[in-house]
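Listing of coords32.cif; format and content: mmCIF, C-alpha atoms and all ligand atoms.
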data_coords
loop_
_atom_site.group_PDB
_atom_site.id
_atom_site.type_symbol
_atom_site.label_atom_id
_atom_site.label_comp_id
_atom_site.auth_asym_id
_atom_site.auth_seq_id
_atom_site.Cartn_x
_atom_site.Cartn_y
_atom_site.Cartn_z
ATOM 1 C CA MET B 1 176.654 178.738 191.871
ATOM 2 C CA ASN B 2 180.326 177.717 191.611
ATOM 3 C CA THR B 3 181.943 175.140 193.936
ATOM 4 C CA GLN B 4 183.514 177.714 196.241
ATOM 5 C CA ASP B 5 180.139 179.418 196.744
ATOM 6 C CA GLN B 6 178.545 176.042 197.471
ATOM 7 C CA LEU B 7 181.155 175.449 200.190
ATOM 8 C CA LYS B 8 180.550 178.918 201.633
ATOM 9 C CA LYS B 9 176.815 178.216 201.701
ATOM 10 C CA ALA B 10 177.365 174.847 203.382
ATOM 11 C CA VAL B 11 179.536 176.229 206.205
ATOM 12 C CA GLY B 12 177.212 179.206 206.673
ATOM 13 C CA GLU B 13 174.257 176.863 207.103
ATOM 14 C CA LYS B 14 176.255 174.602 209.430
ATOM 15 C CA ALA B 15 177.116 177.573 211.653
ATOM 16 C CA ALA B 16 173.456 178.637 211.751
ATOM 17 C CA SER B 17 172.551 175.162 213.020
ATOM 18 C CA LEU B 18 174.843 175.689 216.046
ATOM 19 C CA VAL B 19 173.031 178.799 217.310
ATOM 20 C CA LYS B 20 170.820 178.079 220.326
ATOM 21 C CA ASP B 21 167.687 179.699 221.703
ATOM 22 C CA GLY B 22 168.380 182.806 223.785
ATOM 23 C CA MET B 23 171.844 183.442 222.355
ATOM 24 C CA LYS B 24 173.292 186.871 221.659
ATOM 25 C CA VAL B 25 175.101 186.460 218.359
ATOM 26 C CA GLY B 26 177.868 188.533 216.774
ATOM 27 C CA ILE B 27 177.479 188.483 213.012
ATOM 28 C CA GLY B 28 180.537 189.123 210.848
ATOM 29 C CA PHE B 29 180.644 190.142 207.216
ATOM 30 C CA GLY B 30 181.469 188.649 203.839
ATOM 31 C CA SER B 31 180.071 186.332 201.227
ATOM 32 C CA THR B 32 180.288 183.325 203.587
ATOM 33 C CA VAL B 33 178.532 185.151 206.430
ATOM 34 C CA TYR B 34 175.775 186.105 203.976
ATOM 35 C CA TRP B 35 174.720 182.439 203.880
ATOM 36 C CA PHE B 36 174.892 182.239 207.655
ATOM 37 C CA VAL B 37 172.527 185.211 208.042
ATOM 38 C CA ARG B 38 170.134 183.743 205.502
ATOM 39 C CA ALA B 39 170.043 180.368 207.234
ATOM 40 C CA LEU B 40 169.720 181.963 210.672
ATOM 41 C CA GLY B 41 166.753 184.041 209.481
ATOM 42 C CA GLU B 42 165.184 180.854 208.177
ATOM 43 C CA ARG B 43 165.490 179.248 211.630
ATOM 44 C CA VAL B 44 163.948 182.332 213.262
ATOM 45 C CA LYS B 45 160.965 182.052 210.905
ATOM 46 C CA GLN B 46 160.565 178.272 210.823
ATOM 47 C CA GLU B 47 161.458 177.307 214.403
ATOM 48 C CA GLY B 48 160.681 180.527 216.264
ATOM 49 C CA LEU B 49 164.325 180.622 217.383
ATOM 50 C CA GLU B 50 164.684 183.535 219.803
ATOM 51 C CA ILE B 51 168.040 185.224 219.378
ATOM 52 C CA GLU B 52 169.462 188.712 219.004
ATOM 53 C CA GLY B 53 172.358 189.623 216.747
ATOM 54 C CA ILE B 54 174.873 192.445 216.602
ATOM 55 C CA PRO B 55 176.134 193.077 213.056
ATOM 56 C CA SER B 56 179.719 193.993 212.192
ATOM 57 C CA SER B 57 178.889 196.145 209.192
ATOM 58 C CA ILE B 58 176.097 198.281 207.816
ATOM 59 C CA MET B 59 175.618 195.684 205.069
ATOM 60 C CA THR B 60 175.371 192.837 207.592
ATOM 61 C CA GLY B 61 172.624 194.808 209.368
ATOM 62 C CA GLU B 62 170.765 195.133 206.065
ATOM 63 C CA TRP B 63 171.016 191.381 205.467
ATOM 64 C CA ALA B 64 169.736 190.724 208.995
ATOM 65 C CA LYS B 65 166.691 192.924 208.344
ATOM 66 C CA GLU B 66 166.092 191.300 204.963
ATOM 67 C CA PHE B 67 166.201 187.769 206.375
ATOM 68 C CA GLY B 68 164.398 188.506 209.639
ATOM 69 C CA VAL B 69 167.228 188.217 212.177
ATOM 70 C CA PRO B 70 166.401 190.429 215.214
ATOM 71 C CA LEU B 71 169.154 192.875 216.143
ATOM 72 C CA THR B 72 170.357 194.552 219.310
ATOM 73 C CA ASP B 73 173.345 196.801 220.052
ATOM 74 C CA PHE B 74 176.183 197.323 222.512
ATOM 75 C CA GLU B 75 174.192 199.944 224.399
ATOM 76 C CA THR B 76 171.981 197.163 225.757
ATOM 77 C CA THR B 77 174.276 194.132 225.356
ATOM 78 C CA LYS B 78 177.917 194.058 226.409
ATOM 79 C CA GLU B 79 178.668 190.336 226.026
ATOM 80 C CA LEU B 80 177.876 187.940 223.195
ATOM 81 C CA ASP B 81 177.501 184.165 223.480
ATOM 82 C CA ILE B 82 178.911 183.452 220.079
ATOM 83 C CA THR B 83 180.304 185.290 217.056
ATOM 84 C CA ILE B 84 180.292 183.790 213.584
ATOM 85 C CA ASP B 85 182.559 185.315 210.954
ATOM 86 C CA GLY B 86 184.491 184.516 207.808
ATOM 87 C CA SER B 87 188.211 184.960 207.219
ATOM 88 C CA ASP B 88 190.663 185.625 204.410
ATOM 89 C CA GLU B 89 193.365 183.356 205.835
ATOM 90 C CA VAL B 90 193.542 180.893 208.738
ATOM 91 C CA ASP B 91 196.885 179.418 209.842
ATOM 92 C CA PRO B 92 197.404 176.117 211.742
ATOM 93 C CA ASP B 93 197.297 178.009 215.094
ATOM 94 C CA PHE B 94 193.962 179.628 214.133
ATOM 95 C CA GLN B 95 195.602 183.030 213.702
ATOM 96 C CA LEU B 96 193.653 184.973 211.106
ATOM 97 C CA ILE B 97 193.913 187.637 208.465
ATOM 98 C CA LYS B 98 190.571 189.390 208.080
ATOM 99 C CA GLY B 99 189.328 192.603 206.544
ATOM 100 C CA GLY B 100 188.917 191.686 202.889
ATOM 101 C CA GLY B 101 185.482 193.271 203.194
ATOM 102 C CA ALA B 102 186.861 196.350 205.043
ATOM 103 C CA ALA B 103 184.869 195.529 208.207
ATOM 104 C CA LEU B 104 187.812 194.418 210.364
ATOM 105 C CA PHE B 105 187.388 196.968 213.170
ATOM 106 C CA ARG B 106 183.774 196.085 213.955
ATOM 107 C CA GLU B 107 184.540 192.419 213.344
ATOM 108 C CA LYS B 108 187.234 192.561 216.009
ATOM 109 C CA ILE B 109 184.816 194.280 218.399
ATOM 110 C CA ILE B 110 182.261 191.449 218.060
ATOM 111 C CA ALA B 111 185.039 188.826 218.192
ATOM 112 C CA GLN B 112 186.340 190.236 221.469
ATOM 113 C CA ALA B 113 182.820 190.539 222.910
ATOM 114 C CA ALA B 114 182.003 186.855 222.320
ATOM 115 C CA LYS B 115 182.561 183.868 224.592
ATOM 116 C CA LYS B 116 183.221 181.845 221.456
ATOM 117 C CA LEU B 117 184.435 182.896 218.005
ATOM 118 C CA ILE B 118 183.554 180.490 215.210
ATOM 119 C CA ILE B 119 185.212 181.063 211.842
ATOM 120 C CA ILE B 120 183.546 179.741 208.686
ATOM 121 C CA VAL B 121 185.648 179.264 205.563
ATOM 122 C CA ASP B 122 186.040 177.238 202.441
ATOM 123 C CA GLU B 123 189.251 175.195 202.338
ATOM 124 C CA SER B 124 191.077 177.717 200.113
ATOM 125 C CA LYS B 125 191.437 179.982 203.187
ATOM 126 C CA MET B 126 193.526 177.459 205.162
ATOM 127 C CA VAL B 127 197.233 178.354 204.854
ATOM 128 C CA ASP B 128 200.534 177.259 206.369
ATOM 129 C CA HIS B 129 201.667 180.873 206.901
ATOM 130 C CA LEU B 130 199.704 184.103 206.941
ATOM 131 C CA GLY B 131 200.591 186.824 204.479
ATOM 132 C CA ALA B 132 199.896 185.762 200.891
ATOM 133 C CA PHE B 133 196.693 187.782 201.329
ATOM 134 C CA ALA B 134 197.734 191.426 201.748
ATOM 135 C CA LEU B 135 197.030 192.383 205.363
ATOM 136 C CA PRO B 136 194.259 195.008 205.640
ATOM 137 C CA VAL B 137 194.951 197.764 208.178
ATOM 138 C CA GLU B 138 192.376 200.432 209.038
ATOM 139 C CA ILE B 139 193.958 203.873 209.463
ATOM 140 C CA LEU B 140 192.725 207.380 210.164
ATOM 141 C CA PRO B 141 192.361 209.588 207.071
ATOM 142 C CA PHE B 142 194.339 212.372 208.789
ATOM 143 C CA ALA B 143 197.986 212.156 207.687
ATOM 144 C CA TRP B 144 197.315 208.701 206.235
ATOM 145 C CA GLU B 145 200.417 208.981 204.025
ATOM 146 C CA ARG B 146 202.529 209.448 207.166
ATOM 147 C CA THR B 147 200.905 206.392 208.815
ATOM 148 C CA ALA B 148 201.453 204.336 205.657
ATOM 149 C CA TYR B 149 205.111 205.420 205.645
ATOM 150 C CA GLU B 150 205.570 204.045 209.188
ATOM 151 C CA ILE B 151 203.860 200.783 208.180
ATOM 152 C CA GLU B 152 206.190 200.523 205.173
ATOM 153 C CA LYS B 153 209.184 200.447 207.543
ATOM 154 C CA LEU B 154 207.872 197.070 208.812
ATOM 155 C CA GLY B 155 208.580 195.478 205.425
ATOM 156 C CA CYS B 156 205.740 195.989 202.953
ATOM 157 C CA THR B 157 204.448 198.537 200.484
ATOM 158 C CA PRO B 158 200.985 199.562 201.724
ATOM 159 C CA VAL B 159 198.365 200.208 199.045
ATOM 160 C CA LEU B 160 195.443 202.524 199.758
ATOM 161 C CA ARG B 161 192.235 200.594 199.055
ATOM 162 C CA LEU B 162 189.942 202.059 196.421
ATOM 163 C CA LYS B 163 186.318 201.379 195.565
ATOM 164 C CA ASP B 164 184.916 202.368 192.170
ATOM 165 C CA GLY B 165 188.041 204.467 191.582
ATOM 166 C CA GLU B 166 187.602 206.457 194.815
ATOM 167 C CA THR B 167 189.270 205.994 198.198
ATOM 168 C CA LEU B 168 187.285 203.399 200.115
ATOM 169 C CA ILE B 169 185.754 204.792 203.311
ATOM 170 C CA THR B 170 185.014 202.237 206.025
ATOM 171 C CA ASP B 171 181.786 202.176 208.055
ATOM 172 C CA ASN B 172 183.819 204.060 210.682
ATOM 173 C CA GLY B 173 184.853 206.845 208.288
ATOM 174 C CA ASN B 174 188.458 205.613 207.953
ATOM 175 C CA TYR B 175 190.744 204.311 205.190
ATOM 176 C CA ILE B 176 192.149 200.820 204.586
ATOM 177 C CA VAL B 177 195.694 200.143 203.444
ATOM 178 C CA ASP B 178 196.409 196.640 202.138
ATOM 179 C CA CYS B 179 199.861 195.508 203.235
ATOM 180 C CA PRO B 180 201.553 192.716 201.250
ATOM 181 C CA PHE B 181 203.979 191.182 203.758
ATOM 182 C CA GLU B 182 203.939 187.931 201.731
ATOM 183 C CA LYS B 183 204.980 185.678 204.620
ATOM 184 C CA ILE B 184 204.296 186.772 208.186
ATOM 185 C CA LYS B 185 206.693 184.866 210.461
ATOM 186 C CA ASP B 186 205.490 186.333 213.756
ATOM 187 C CA PRO B 187 201.819 187.414 213.458
ATOM 188 C CA ALA B 188 201.523 188.488 217.122
ATOM 189 C CA GLY B 189 204.756 190.514 216.968
ATOM 190 C CA LEU B 190 203.732 192.219 213.719
ATOM 191 C CA ASP B 191 200.336 193.028 215.203
ATOM 192 C CA ARG B 192 201.966 194.668 218.238
ATOM 193 C CA LYS B 193 204.250 196.756 216.020
ATOM 194 C CA LEU B 194 201.365 197.884 213.805
ATOM 195 C CA GLN B 195 199.170 198.719 216.803
ATOM 196 C CA SER B 196 201.924 200.974 218.171
ATOM 197 C CA ILE B 197 201.876 203.241 215.104
ATOM 198 C CA VAL B 198 199.940 206.461 215.645
ATOM 199 C CA GLY B 199 197.138 206.589 213.070
ATOM 200 C CA VAL B 200 196.526 202.843 212.978
ATOM 201 C CA VAL B 201 192.966 202.198 214.122
ATOM 202 C CA GLU B 202 193.023 198.395 213.933
ATOM 203 C CA THR B 203 194.718 195.588 212.034
ATOM 204 C CA GLY B 204 193.271 192.588 210.224
ATOM 205 C CA LEU B 205 195.408 190.238 212.334
ATOM 206 C CA PHE B 206 193.131 188.356 214.729
ATOM 207 C CA ILE B 207 195.539 186.848 217.226
ATOM 208 C CA ASP B 208 194.413 184.093 219.620
ATOM 209 C CA MET B 209 190.762 184.950 219.040
ATOM 210 C CA ALA B 210 189.293 182.052 217.048
ATOM 211 C CA ASP B 211 188.064 179.046 219.051
ATOM 212 C CA THR B 212 186.613 176.927 216.266
ATOM 213 C CA VAL B 213 187.030 176.798 212.496
ATOM 214 C CA ILE B 214 184.375 175.239 210.273
ATOM 215 C CA ILE B 215 185.924 174.324 206.932
ATOM 216 C CA GLY B 216 184.071 173.421 203.776
ATOM 217 C CA GLY B 217 186.027 171.155 201.442
ATOM 218 C CA SER B 218 185.583 168.626 198.668
ATOM 219 C CA GLU B 219 185.325 165.869 201.320
ATOM 220 C CA GLY B 220 182.559 167.702 203.205
ATOM 221 C CA ILE B 221 182.519 169.894 206.291
ATOM 222 C CA SER B 222 185.072 169.551 209.072
ATOM 223 C CA ILE B 223 185.044 171.292 212.446
ATOM 224 C CA LYS B 224 188.403 172.037 214.085
ATOM 225 C CA GLU B 225 188.753 173.196 217.700
HETATM 226 C C1 LIG B 301 185.350 191.123 205.917
HETATM 227 C C2 LIG B 301 186.046 189.872 206.267
HETATM 228 C C3 LIG B 301 185.516 188.616 205.674
HETATM 229 O O1 LIG B 301 185.145 187.752 206.702
HETATM 230 C C4 LIG B 301 186.587 187.993 204.824
HETATM 231 O O2 LIG B 301 186.991 188.936 203.862
HETATM 232 C C5 LIG B 301 186.086 186.718 204.144
HETATM 233 O O3 LIG B 301 185.111 187.062 203.213
HETATM 234 P P1 LIG B 301 184.381 185.993 202.291
HETATM 235 O O4 LIG B 301 183.527 185.157 203.186
HETATM 236 O O5 LIG B 301 183.590 186.845 201.330
HETATM 237 O O6 LIG B 301 185.436 185.184 201.596
HETATM 238 O O7 LIG B 301 187.004 189.824 207.012
HETATM 239 O O8 LIG B 301 186.002 192.251 206.438
#
Show this structure as structure tokens.
Ligand code: 5RP
Amino acid sequence: MNTQDQLKKAVGEKAASLVKDGMKVGIGFGSTVYWFVRALGERVKQEGLEIEGIPSSIMTGEWAKEFGVPLTDFETTKELDITIDGSDEVDPDFQLIKGGGAALFREKIIAQAAKKLIIIVDESKMVDHLGAFALPVEILPFAWERTAYEIEKLGCTPVLRLKDGETLITDNGNYIVDCPFEKIKDPAGLDRKLQSIVGVVETGLFIDMADTVIIGGSEGISIKE
């Protein structure tokens, strides 16, 4: 395992240690969250921890089943105590770019549903300004070229995301365009503009949502609130 993976594992395990008996837990997606799900399943088995999770992707649900994390859904549960998720970028105000794993819509649903959103990252994700990571935006397949054209007017060249040479289809049946804005000066303003475009389902900008960031670095783990 390389150093970055070790840091991801460490923050995933740290986050699992913060989950308490009886909690309803939103579970994000990504290679960092994978370690969280694994460690949480271990606590369920070893300590008899009684929790229920809601996954933010089909793959997250599969991991939960594999590692023995009990699941529920929004039909029975409307509020979550805590959501744990990764991120592609985190700025000093805890504004985020997410969606590298194409799960941003469901991730934003579980982020909004939670009393507390905890983000787990290795230190490479901490940035001074959002935007070096191309912003993922989920859009409807219908007239996607037209939607991408409107996004382009905001100052980037959107790229349709592919998987194995084919157009990537999200868990919601939509497309993702990756939008290289390079340096996003006003994340909240950009989010509002993107959200106003017909055809945009959701953006990877998570504005004023994160409460806590757990960062894995060469000096160890730090928790910022
Ligand atoms: C998925 C996400 C992930 O949380 C983000 O891409 C970080 O992933 P990783 O932990 O693999 O670096 O937003 O849509």
Result set, the PyMOL selection byres (((not hetatm)) within 10 of (chain B and resi 301)) on current file, as a PyMOL selection string = chain B and resi 4-5+8-9+12+27-35+56-57+84-89+96-108+119-122+124-125+136+204-206
Provide the CA of Gly220 (chain B) to CA of Ala15 (chain B) distance in Å, to one decimal place.
->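 Separation between CA of Gly220 (chain B) and CA of Ala15 (chain B): 14.1 Å.
Once the PyMOL selection byres (((chain B and resi 43-51) around 7) and not hetatm) is applied to this file, the selection holds Asp21, Gly22, Met23, Lys24, Ala39, Leu40, Gly41, Glu42, Glu52, Gly53, Val69 and Pro70 of chain B.
Considering all atoms listed in the file, the residue among B:Val213, B:Gln112, B:Leu135, B:Val25 positioned nearest to Leu71 (chain B) is B:Val25.
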Show me, as lines of an AutoDock Vina configuration file, the centre and edge lengths in Å to one decimal of the axis-aligned box that covers every listed atom of region 103-109 of chain B with 4 Å on each side.
center_x = 185.8
center_y = 194.7
center_z = 213.3
size_x = 12.0
size_y = 12.5
size_z = 18.2
Residue contacts of Ser222 (chain B) (10 Å, all atoms listed in the file) excluding same-chain residues fewer than 6 positions away, as a ChimeraX atom specification | /B:11,123,213-216
